[in-house]
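Student: Can you keep this structure in mind? I'll have questions shortly.
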Amino acid sequence: MFMIKGRIPVLILDEPTPFLDEERRKKLVDIMNGYLKKIPQVIVVSHDDELKDAADRVVQVELKGGVSKVSIKDF
């Protein structure tokens with residue numbers, strides 16, 4: 001069972017899925033949708049599109065023609 005103790009103002013997950021199989025990626029999305037919603041700000045850096053399902057806002061950075069393009073989508 002996942003427990004959060006104390007007050008955590010921000011949590012940053014950098015590429016949390018590269019070594020997870022499909023079942024464990026889905027479990028991570030479940031955890032993000034449930035327990036991590038109690039943390040005021042959670043930042044996830046990932047190439048895994050599946051994690052978008054748990055996001056309130058997605059900031060996407062793409063390299064186009066040698067220039068980084070940033071787009072923001074709120075859910």
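Simple scheme: letters A, B, ... for chains in structure tokens order, numbers from 1 for residues in each chain, numbers from 1 for ligands in the order shown.
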Extract the full set of helix (DSSP H, G or I) residues from chain A according to DSSP on the backbone, and format it as a short mmCIF file (atom, residue, chain, number, x, y, z; two decimals) with C-alpha atoms, in the first residue's frame.
Tutor:
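Saved result, states-v7.cif, follows:
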data_model
loop_
_atom_site.label_atom_id
_atom_site.label_comp_id
_atom_site.auth_asym_id
_atom_site.auth_seq_id
_atom_site.Cartn_x
_atom_site.Cartn_y
_atom_site.Cartn_z
CA GLU A 22 2.24 -2.56 -19.10
CA GLU A 23 0.61 -3.74 -15.86
CA ARG A 24 2.93 -1.65 -13.69
CA ARG A 25 2.48 1.45 -15.93
CA LYS A 26 -1.28 1.12 -15.43
CA LYS A 27 -0.72 0.80 -11.67
CA LEU A 28 1.36 4.00 -11.74
CA VAL A 29 -1.49 5.81 -13.53
CA ASP A 30 -3.89 4.52 -10.84
CA ILE A 31 -1.57 5.80 -8.11
CA MET A 32 -1.29 9.17 -9.87
CA ASN A 33 -5.08 9.42 -10.17
CA TYR A 35 -2.93 9.06 -3.97
CA LEU A 36 -0.81 11.65 -5.79
CA LYS A 37 -3.82 13.98 -6.23
CA LYS A 38 -3.31 14.77 -2.52
CA ASP A 49 1.81 9.03 -23.55
CA GLU A 50 -0.16 6.75 -21.21
CA LEU A 51 0.66 9.06 -18.28
CA LYS A 52 -1.30 11.89 -19.92
CA ASP A 53 -4.47 10.13 -18.71
CA ALA A 54 -3.66 11.15 -15.13
#
Student: From a DSSP calculation on the backbone, collect every residue of chain A in strand (DSSP E) and output the set as a PyMOL selection string.
Tutor: chain A and resi 10-14+41-45+57-64+67-74
Student: For range 43-45 of chain A, find every residue with an atom within 7 Å (counting only C-alpha atoms), except residues of its own chain fewer than 5 positions away, and show them as a PyMOL selection string.
Tutor: chain A and resi 11-15
Student: Could you take the residues named above and write them with C-alpha atoms, as a compact mmCIF listing (two decimals), in the first residue's frame?
Tutor:
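Output below, filename result.txt:
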# COMPACT_ATOMS: atom_id res chain seq x y z
CA LEU A 11 6.84 15.79 -6.22
CA ILE A 12 8.89 15.43 -9.43
CA LEU A 13 8.99 12.09 -11.27
CA ASP A 14 11.61 12.01 -14.04
CA GLU A 15 10.99 9.20 -16.55
Student: So, with only C-alpha atoms as the atoms that count, which of A:Arg7, A:Gln41, A:Asp74, A:His47 lies closest to Glu62 in chain A?
Tutor: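 Using only C-alpha atoms, Glu62 in chain A sits closest to A:His47.
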Student: Between CA of Val70 in chain A and CA of Val58 in chain A, what is the distance in Å, rounded to a tenth?
Tutor: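 Interatomic distance here is 10.2 Å.
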Student: Could you tell me how far CA of Pro40 in chain A sits from CA of Pro9 in chain A, in Å to one decimal place?
Tutor: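 Answer for the CA of Pro9 in chain A to CA of Pro40 in chain A separation: 5.7 Å.
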